[in-house]
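So this block is coords-v9.cif, mmCIF, C-alpha atoms:
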```
data_coords
#
loop_
_atom_site.label_atom_id
_atom_site.label_comp_id
_atom_site.auth_asym_id
_atom_site.auth_seq_id
_atom_site.Cartn_x
_atom_site.Cartn_y
_atom_site.Cartn_z
CA MET X 289 0.00 0.00 0.00
CA THR X 290 1.24 3.52 -0.78
CA ASP X 291 2.19 5.81 2.10
CA PHE X 292 -0.68 8.10 1.06
CA PHE X 293 -3.24 6.52 3.40
CA PHE X 294 -0.79 6.52 6.31
CA GLN X 295 -1.07 10.32 6.57
CA LYS X 296 -3.35 11.72 9.28
CA GLU X 297 -4.75 14.47 7.04
CA VAL X 298 -5.62 11.97 4.30
CA ALA X 299 -7.28 9.60 6.77
CA GLU X 300 -9.43 12.44 8.10
CA LYS X 301 -10.45 13.58 4.59
CA TYR X 302 -11.26 10.00 3.59
CA GLU X 303 -13.46 9.68 6.69
CA ALA X 304 -15.20 13.00 5.90
CA TYR X 305 -15.91 12.01 2.28
CA ASN X 306 -19.63 11.41 1.67
CA ASP X 307 -19.52 7.90 0.21
CA ILE X 308 -23.18 7.76 -0.82
CA LEU X 309 -22.30 6.64 -4.37
CA GLU X 310 -20.16 3.82 -2.98
CA GLN X 311 -23.04 2.82 -0.72
CA LEU X 312 -25.56 2.90 -3.54
CA LEU X 313 -23.54 1.06 -6.22
CA GLY X 314 -21.00 -0.79 -4.10
CA TYR X 315 -21.45 -1.68 -0.45
CA GLN X 316 -25.11 -2.69 -0.66
CA PHE X 317 -24.18 -5.21 -3.36
CA VAL X 318 -21.29 -6.52 -1.25
CA PHE X 319 -23.66 -7.11 1.67
CA THR X 320 -26.06 -9.23 -0.40
CA HIS X 321 -23.48 -12.03 -0.50
CA PHE X 322 -23.57 -12.62 3.27
CA ASP X 323 -26.13 -14.31 5.51
CA LYS X 324 -27.70 -12.38 8.37
CA ASP X 325 -26.45 -14.64 11.15
CA GLU X 326 -25.32 -12.97 14.38
CA ARG X 327 -23.16 -15.99 15.18
CA GLN X 328 -20.88 -15.22 12.25
CA THR X 329 -17.43 -13.66 12.41
CA ILE X 330 -16.60 -11.63 9.30
CA LEU X 331 -13.25 -10.15 8.21
CA ASP X 332 -13.05 -6.63 6.76
CA PHE X 333 -9.60 -6.50 5.18
CA GLY X 334 -8.49 -2.89 4.73
CA CYS X 335 -11.21 -1.31 6.86
CA GLY X 336 -9.94 2.27 6.56
CA PRO X 337 -11.84 4.59 8.93
CA GLY X 338 -14.34 1.86 9.82
CA LYS X 339 -17.49 3.04 8.03
CA ILE X 340 -18.21 -0.22 6.22
CA ALA X 341 -17.35 -2.46 9.17
CA THR X 342 -19.84 -0.69 11.44
CA ARG X 343 -22.55 -0.65 8.77
CA PHE X 344 -22.09 -4.38 8.32
CA ALA X 345 -22.18 -5.04 12.07
CA GLU X 346 -25.38 -3.01 12.45
CA LEU X 347 -27.09 -4.68 9.50
CA PHE X 348 -26.06 -8.26 10.27
CA SER X 349 -25.47 -8.27 14.04
CA ALA X 350 -22.28 -10.20 13.26
CA THR X 351 -18.84 -9.84 14.80
CA VAL X 352 -16.51 -7.99 12.44
CA ILE X 353 -12.73 -8.24 12.61
CA ALA X 354 -11.64 -5.01 10.88
CA VAL X 355 -7.96 -4.78 9.94
CA ASP X 356 -5.84 -2.16 8.23
CA GLN X 357 -2.15 -1.45 7.67
CA SER X 358 -2.53 2.26 8.43
CA ALA X 359 -2.24 3.19 12.11
CA GLU X 360 -3.91 6.52 11.31
CA MET X 361 -6.92 4.74 9.84
CA ILE X 362 -7.22 2.35 12.78
CA GLN X 363 -6.98 5.20 15.29
CA LEU X 364 -9.64 7.15 13.40
CA ALA X 365 -11.90 4.09 13.11
CA SER X 366 -11.63 3.38 16.83
CA LYS X 367 -12.56 6.98 17.59
CA LYS X 368 -15.25 7.69 14.98
CA HIS X 369 -16.80 4.25 14.50
CA ASP X 370 -16.54 2.45 17.79
CA HIS X 371 -18.99 -0.47 17.89
CA LYS X 372 -19.38 -3.33 20.34
CA ASN X 373 -19.33 -5.90 17.53
CA VAL X 374 -16.39 -4.45 15.61
CA HIS X 375 -12.82 -5.24 16.65
CA TYR X 376 -10.12 -3.14 14.98
CA ARG X 377 -6.61 -4.50 14.49
CA LEU X 378 -3.46 -3.02 12.95
CA VAL X 379 -1.74 -5.54 10.67
CA LYS X 380 1.71 -5.64 9.12
CA ASP X 381 3.17 -7.13 5.91
CA PRO X 382 0.08 -7.84 5.72
CA LYS X 383 -0.33 -10.87 7.97
CA LEU X 384 -3.31 -12.17 9.92
CA ALA X 385 -1.22 -14.15 12.39
CA PHE X 386 -3.75 -13.58 15.19
CA LEU X 387 -6.41 -15.53 13.25
CA ASP X 388 -6.48 -19.32 13.06
CA ASP X 389 -6.86 -21.34 9.89
CA ASN X 390 -10.49 -21.96 8.86
CA SER X 391 -11.86 -19.64 11.56
CA ILE X 392 -13.75 -16.90 9.65
CA ASP X 393 -17.26 -17.19 8.18
CA GLY X 394 -16.73 -14.67 5.39
CA ALA X 395 -14.58 -11.74 4.30
CA PHE X 396 -14.77 -8.59 2.22
CA SER X 397 -12.29 -5.98 1.03
CA CYS X 398 -13.40 -2.59 -0.29
CA PHE X 399 -11.16 -0.29 -2.33
CA VAL X 400 -7.95 -1.92 -1.12
CA PHE X 401 -6.42 -3.71 -4.11
CA ILE X 402 -6.38 -0.49 -6.13
CA THR X 403 -4.05 1.04 -3.52
CA ILE X 404 -1.41 -1.69 -3.98
CA GLY X 405 0.99 -1.68 -6.92
CA ASP X 406 2.74 -4.99 -6.26
CA GLU X 407 1.05 -8.21 -7.42
CA ALA X 408 3.14 -10.22 -4.97
CA VAL X 409 1.46 -8.30 -2.12
CA LEU X 410 -1.98 -8.89 -3.64
CA ASN X 411 -1.24 -12.60 -3.79
CA HIS X 412 -0.08 -12.56 -0.18
CA ILE X 413 -3.30 -10.88 0.95
CA LEU X 414 -5.41 -13.43 -0.89
CA ARG X 415 -3.43 -16.34 0.55
CA GLU X 416 -3.96 -14.99 4.07
CA VAL X 417 -7.68 -14.36 3.51
CA TYR X 418 -8.06 -17.84 2.02
CA ARG X 419 -6.21 -19.39 4.95
CA VAL X 420 -8.47 -17.92 7.64
CA LEU X 421 -11.76 -18.53 5.82
CA LYS X 422 -13.79 -21.63 6.55
CA PRO X 423 -14.30 -23.99 3.59
CA GLY X 424 -17.23 -22.76 1.49
CA ALA X 425 -17.02 -19.23 2.93
CA PRO X 426 -17.33 -16.21 0.61
CA PHE X 427 -14.78 -13.49 -0.09
CA VAL X 428 -16.13 -10.33 -1.77
CA LEU X 429 -13.82 -7.75 -3.29
CA LEU X 430 -15.01 -4.27 -4.31
CA ASP X 431 -12.83 -1.83 -6.24
CA THR X 432 -12.93 1.05 -8.68
CA ASN X 433 -13.98 -0.33 -12.06
CA PRO X 434 -10.98 -0.66 -14.41
CA ASN X 435 -13.41 -0.63 -17.34
CA SER X 436 -14.65 2.87 -16.45
CA THR X 437 -11.48 4.92 -16.69
CA GLY X 438 -11.94 8.43 -18.04
CA HIS X 439 -15.51 8.69 -16.81
CA VAL X 440 -16.90 11.33 -14.47
CA PHE X 441 -19.47 10.35 -11.85
CA SER X 442 -21.52 12.40 -9.40
CA THR X 443 -18.93 12.24 -6.59
CA CYS X 444 -15.77 10.98 -8.29
CA ARG X 445 -13.64 10.88 -11.42
CA ILE X 446 -11.64 7.81 -12.42
CA GLY X 447 -8.55 8.52 -14.51
CA GLU X 448 -8.15 10.82 -17.50
CA LYS X 449 -10.46 10.80 -20.51
CA GLY X 450 -8.84 9.33 -23.60
CA LYS X 451 -5.86 7.86 -21.77
CA THR X 452 -5.12 4.15 -21.95
CA TYR X 453 -3.92 2.55 -18.72
CA LYS X 454 -1.85 -0.60 -18.64
CA ARG X 455 -1.67 -3.22 -15.93
CA GLY X 456 -0.14 -1.74 -12.78
CA ASP X 457 -0.16 1.86 -14.04
CA ILE X 458 -0.85 4.65 -11.56
CA ILE X 459 -4.30 6.14 -12.11
CA GLN X 460 -5.55 9.28 -10.44
CA LYS X 461 -8.94 9.20 -8.76
CA GLU X 462 -10.69 12.36 -7.61
CA LEU X 463 -13.26 12.32 -4.80
CA ARG X 464 -15.59 15.34 -4.48
CA TRP X 465 -18.10 16.27 -1.78
CA GLY X 466 -19.54 19.53 -0.46
CA GLY X 467 -16.94 21.66 -2.21
CA ASN X 468 -14.10 19.45 -0.95
CA GLN X 469 -11.71 17.39 -3.03
CA LEU X 470 -9.34 14.50 -2.40
CA LEU X 471 -6.96 13.30 -5.11
CA ILE X 472 -5.80 9.71 -4.80
CA GLU X 473 -3.17 7.86 -6.81
CA ASP X 474 -4.39 4.29 -7.24
CA TYR X 475 -3.19 1.43 -9.44
CA HIS X 476 -4.91 0.10 -12.52
CA TRP X 477 -5.63 -3.63 -12.45
CA PRO X 478 -7.64 -5.05 -15.39
CA GLU X 479 -10.69 -7.16 -14.65
CA LYS X 480 -8.86 -10.30 -15.81
CA THR X 481 -6.08 -9.67 -13.27
CA TYR X 482 -8.54 -9.85 -10.38
CA GLU X 483 -10.06 -13.04 -11.69
CA THR X 484 -6.65 -14.65 -12.20
CA LEU X 485 -5.46 -13.67 -8.72
CA LEU X 486 -8.55 -15.17 -7.11
CA VAL X 487 -8.32 -18.43 -9.06
CA ASN X 488 -4.57 -18.78 -8.52
CA ASN X 489 -5.09 -18.50 -4.77
CA GLY X 490 -7.71 -21.25 -4.57
CA PHE X 491 -11.00 -19.37 -4.87
CA VAL X 492 -13.74 -20.98 -6.94
CA GLU X 493 -17.14 -20.02 -8.37
CA ILE X 494 -15.92 -16.54 -9.29
CA GLU X 495 -18.74 -14.04 -9.90
CA THR X 496 -18.55 -10.45 -11.14
CA GLN X 497 -20.99 -7.55 -10.77
CA GLN X 498 -20.81 -4.07 -12.30
CA PRO X 499 -23.84 -2.12 -10.99
CA THR X 500 -25.19 1.08 -12.52
CA LEU X 501 -28.21 3.16 -11.51
CA GLN X 502 -30.26 0.77 -13.61
CA SER X 503 -29.43 -1.89 -10.97
CA VAL X 504 -31.06 0.13 -8.18
CA PRO X 505 -34.81 0.50 -7.43
CA ALA X 506 -36.26 3.84 -8.55
CA LYS X 507 -37.54 4.65 -5.06
CA THR X 508 -34.03 4.24 -3.64
CA ILE X 509 -32.59 6.55 -6.27
CA GLN X 510 -35.30 9.12 -5.55
CA ARG X 511 -34.57 8.98 -1.82
CA VAL X 512 -30.87 9.63 -2.43
CA GLU X 513 -31.65 12.50 -4.79
CA ASP X 514 -33.97 14.10 -2.23
CA GLU X 515 -31.58 13.64 0.69
CA TYR X 516 -28.27 14.56 -0.94
CA GLY X 517 -29.25 16.55 -4.02
CA LEU X 518 -26.99 14.50 -6.27
CA LYS X 519 -26.85 15.28 -9.97
CA TRP X 520 -26.26 11.94 -11.69
CA LYS X 521 -23.62 11.70 -14.37
CA ASP X 522 -22.05 8.66 -16.05
CA GLU X 523 -23.27 6.23 -13.37
CA LYS X 524 -26.63 6.23 -15.15
CA THR X 525 -25.23 3.70 -17.62
CA ILE X 526 -21.52 3.24 -16.73
CA PRO X 527 -20.53 1.21 -13.62
CA PRO X 528 -18.07 3.17 -11.43
CA PHE X 529 -17.25 0.10 -9.33
CA ILE X 530 -16.70 -3.61 -9.86
CA LEU X 531 -17.36 -6.47 -7.46
CA PHE X 532 -15.83 -9.94 -7.41
CA LYS X 533 -16.99 -12.86 -5.31
CA GLY X 534 -15.05 -16.07 -4.74
CA ILE X 535 -15.66 -19.09 -2.54
CA LYS X 536 -13.01 -20.93 -0.53
CA GLY X 537 -12.79 -24.31 -2.20
#
```

Any chance you could put this one into structure tokens?
Amino acid sequence: MTDFFFQKEVAEKYEAYNDILEQLLGYQFVFTHFDKDERQTILDFGCGPGKIATRFAELFSATVIAVDQSAEMIQLASKKHDHKNVHYRLVKDPKLAFLDDNSIDGAFSCFVFITIGDEAVLNHILREVYRVLKPGAPFVLLDTNPNSTGHVFSTCRIGEKGKTYKRGDIIQKELRWGGNQLLIEDYHWPEKTYETLLVNNGFVEIETQQPTLQSVPAKTIQRVEDEYGLKWKDEKTIPPFILFKGIKG
């Protein structure tokens, strides 16, 4: 992971960002792949400031183990999103040495792989996630859509229009909310790269989703428009995010 997210100022801006688009076309689709069983223990790998972990815990009544490599993110999560069912942990390398083999009922990772420019590290993460999952457990990965570079959405821009990005290239992502802006340098990983990484690390039954506004009920869209005053852009027909699901074989 780049040092970008290890900065206190960046962590605070990322926490302040209104992630309503990610909720609408990302997180709610991630959550559909998990059962609502309060006995479950779920891993959030790369939890950032803790928004998604707490939303999951509230929706599912499950125990969430939320890990991140950034001490600033973990400190912010513990302060801003403290929850009795969420346990934050700082990890290194990244290793999950505190978790036993076959001990976790499911895992998800949101907007993490795009922050890592080394495929060896991505493979290491997947091996660790695979190790701790129980057989048959799901792993769901959500990232910026590599097929949507150059497009402008209501709260973000992904890359530059007309520019072709190759595997592992740095791609600039702009987040916008309430007159604020956060520029992030991510890495471009083609859709096929994700699928290959998952398969090579033992995951089976790979599924892919690329939601647009057409994937969301009209009443939900209307509620978001009324509450946040969003002016929809390319997300009407272009998917800003991509979701992969794999099962531990």

> Using all atoms listed in the file, what residues lie at most 9 Å away from (-9.2, -3.2, 15.9) (file coordinates), given as a ChimeraX atom specification?
Replying inline: /X:353-356,362-363,365-366,374-378

Put those residues in a file: C-alpha atoms, as a tab-separated table (two decimals), in the coordinates of the input.
```
chain	number	residue	atom	x	y	z
X	353	ILE	CA	-12.73	-8.24	12.61
X	354	ALA	CA	-11.64	-5.01	10.88
X	355	VAL	CA	-7.96	-4.78	9.94
X	356	ASP	CA	-5.84	-2.16	8.23
X	362	ILE	CA	-7.22	2.35	12.78
X	363	GLN	CA	-6.98	5.20	15.29
X	365	ALA	CA	-11.90	4.09	13.11
X	366	SER	CA	-11.63	3.38	16.83
X	374	VAL	CA	-16.39	-4.45	15.61
X	375	HIS	CA	-12.82	-5.24	16.65
X	376	TYR	CA	-10.12	-3.14	14.98
X	377	ARG	CA	-6.61	-4.50	14.49
X	378	LEU	CA	-3.46	-3.02	12.95
```

>> Here's a test: counting only C-alpha atoms, identify every protein, DNA and RNA residue with an atom at most 12 Å from (-3.5, -14.0, -6.4) in the file's coordinate frame, and state them as a PyMOL selection string.
In response: chain X and resi 401+406-418+480-491+534

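Closest approach to Lys521 in chain X among X:Leu470, X:Leu309, X:Ile340, X:Ile535: X:Leu309, based on all atoms listed in the file.
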
>> If the PyMOL selection byres ((chain X and resi 447-452) around 9) were run on this exact file, what residues would it hold? Put them as a PyMOL selection string.
In response: chain X and resi 436-440+445-446+453-454+459-462

> Expanded to explicit residues, what is the PyMOL selection byres ((chain X and resi 395-399) around 9) for this file, as a count of residues only?
Replying inline: 29

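Pairwise distance (CA of Asn390 in chain X, CA of Lys536 in chain X) equals 9.8 Å.
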
> With all atoms listed in the file as the atoms that count, which of X:Ile404, X:Leu531, X:Ile458, X:Val512 lies nearest to Glu473 in chain X?
Replying inline: X:Ile458

Edge lengths and centre in Å to one decimal, as AutoDock Vina command-line options, is what I'm after for the box along x, y and z that holds all listed atoms of range 513-522 of chain X once 4 Å is added on each side.
```
--center_x -28.0 --center_y 12.6 --center_z -7.7 --size_x 19.9 --size_y 15.9 --size_z 24.7
```

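The smallest atom-to-atom distance between Lys367 in chain X and any of X:Lys524, X:Arg327, X:Lys339, X:His321, using only C-alpha atoms, is found for X:Lys339.
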
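Between CA of Lys296 in chain X and CA of Gly336 in chain X lies a distance of 11.8 Å.
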
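Distance-wise, CA of Asp325 in chain X and CA of Ser349 in chain X end up 7.1 Å apart.
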
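For the choices X:Arg419, X:Lys324, X:His476, X:Lys372, the atom-to-atom distance to Val352 in chain X is smallest for X:Lys372 when using only C-alpha atoms.
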
> When the PyMOL selection byres ((chain X and resi 306) around 12) is applied to the file above, which residues end up in the set, as JSON, numbers by chain?
Replying inline: {"X": [301, 302, 303, 304, 305, 307, 308, 309, 310, 311, 312, 339, 442, 443, 444, 463, 464, 465, 466, 467, 468, 469, 470, 516, 518]}

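Among the candidate residues X:Gly517, X:Pro499, X:Pro382, X:Gly405, the one lying nearest to Phe532 in chain X is X:Pro499, with distances computed using all atoms listed in the file.
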
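Distances from X:Leu313, X:Ile530, X:Ile472, X:Ala299 to Leu364 in chain X were compared using all atoms listed in the file, and the smallest one belongs to X:Ala299.
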
Would you mind putting N, CA and C atoms back on range 486-502 of chain X and writing the result as a compact mmCIF listing (two decimals), in the frame of the given file?
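And here is the file that came out, rebuild-v8.txt:
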```txt
# COMPACT_ATOMS: atom_id res chain seq x y z
N LEU X 486 -7.64 -14.39 -7.94
CA LEU X 486 -8.55 -15.17 -7.11
C LEU X 486 -8.42 -16.67 -7.41
N VAL X 487 -8.42 -17.02 -8.68
CA VAL X 487 -8.32 -18.43 -9.06
C VAL X 487 -6.99 -19.02 -8.64
N ASN X 488 -5.90 -18.28 -8.85
CA ASN X 488 -4.57 -18.78 -8.52
C ASN X 488 -4.38 -18.99 -7.02
N ASN X 489 -5.21 -18.34 -6.22
CA ASN X 489 -5.09 -18.50 -4.77
C ASN X 489 -6.19 -19.39 -4.19
N GLY X 490 -6.82 -20.19 -5.04
CA GLY X 490 -7.71 -21.25 -4.57
C GLY X 490 -9.19 -20.95 -4.58
N PHE X 491 -9.58 -19.71 -4.90
CA PHE X 491 -11.00 -19.37 -4.87
C PHE X 491 -11.72 -19.95 -6.09
N VAL X 492 -12.95 -20.36 -5.88
CA VAL X 492 -13.74 -20.98 -6.94
C VAL X 492 -15.08 -20.24 -7.08
N GLU X 493 -15.82 -20.61 -8.12
CA GLU X 493 -17.14 -20.02 -8.37
C GLU X 493 -17.06 -18.49 -8.43
N ILE X 494 -16.14 -17.98 -9.20
CA ILE X 494 -15.92 -16.54 -9.29
C ILE X 494 -17.12 -15.87 -9.98
N GLU X 495 -17.64 -14.84 -9.34
CA GLU X 495 -18.74 -14.04 -9.90
C GLU X 495 -18.30 -12.58 -10.00
N THR X 496 -18.87 -11.87 -10.96
CA THR X 496 -18.55 -10.45 -11.14
C THR X 496 -19.84 -9.65 -11.27
N GLN X 497 -19.86 -8.48 -10.64
CA GLN X 497 -20.99 -7.55 -10.77
C GLN X 497 -20.46 -6.16 -11.08
N GLN X 498 -21.17 -5.43 -11.96
CA GLN X 498 -20.81 -4.07 -12.30
C GLN X 498 -22.09 -3.21 -12.30
N PRO X 499 -22.54 -2.81 -11.10
CA PRO X 499 -23.84 -2.12 -10.99
C PRO X 499 -23.82 -0.68 -11.54
N THR X 500 -24.93 -0.30 -12.14
CA THR X 500 -25.19 1.08 -12.52
C THR X 500 -26.49 1.50 -11.84
N LEU X 501 -26.94 2.72 -12.09
CA LEU X 501 -28.21 3.16 -11.51
C LEU X 501 -29.37 2.29 -11.97
N GLN X 502 -29.21 1.65 -13.11
CA GLN X 502 -30.26 0.77 -13.61
C GLN X 502 -30.41 -0.48 -12.75
```
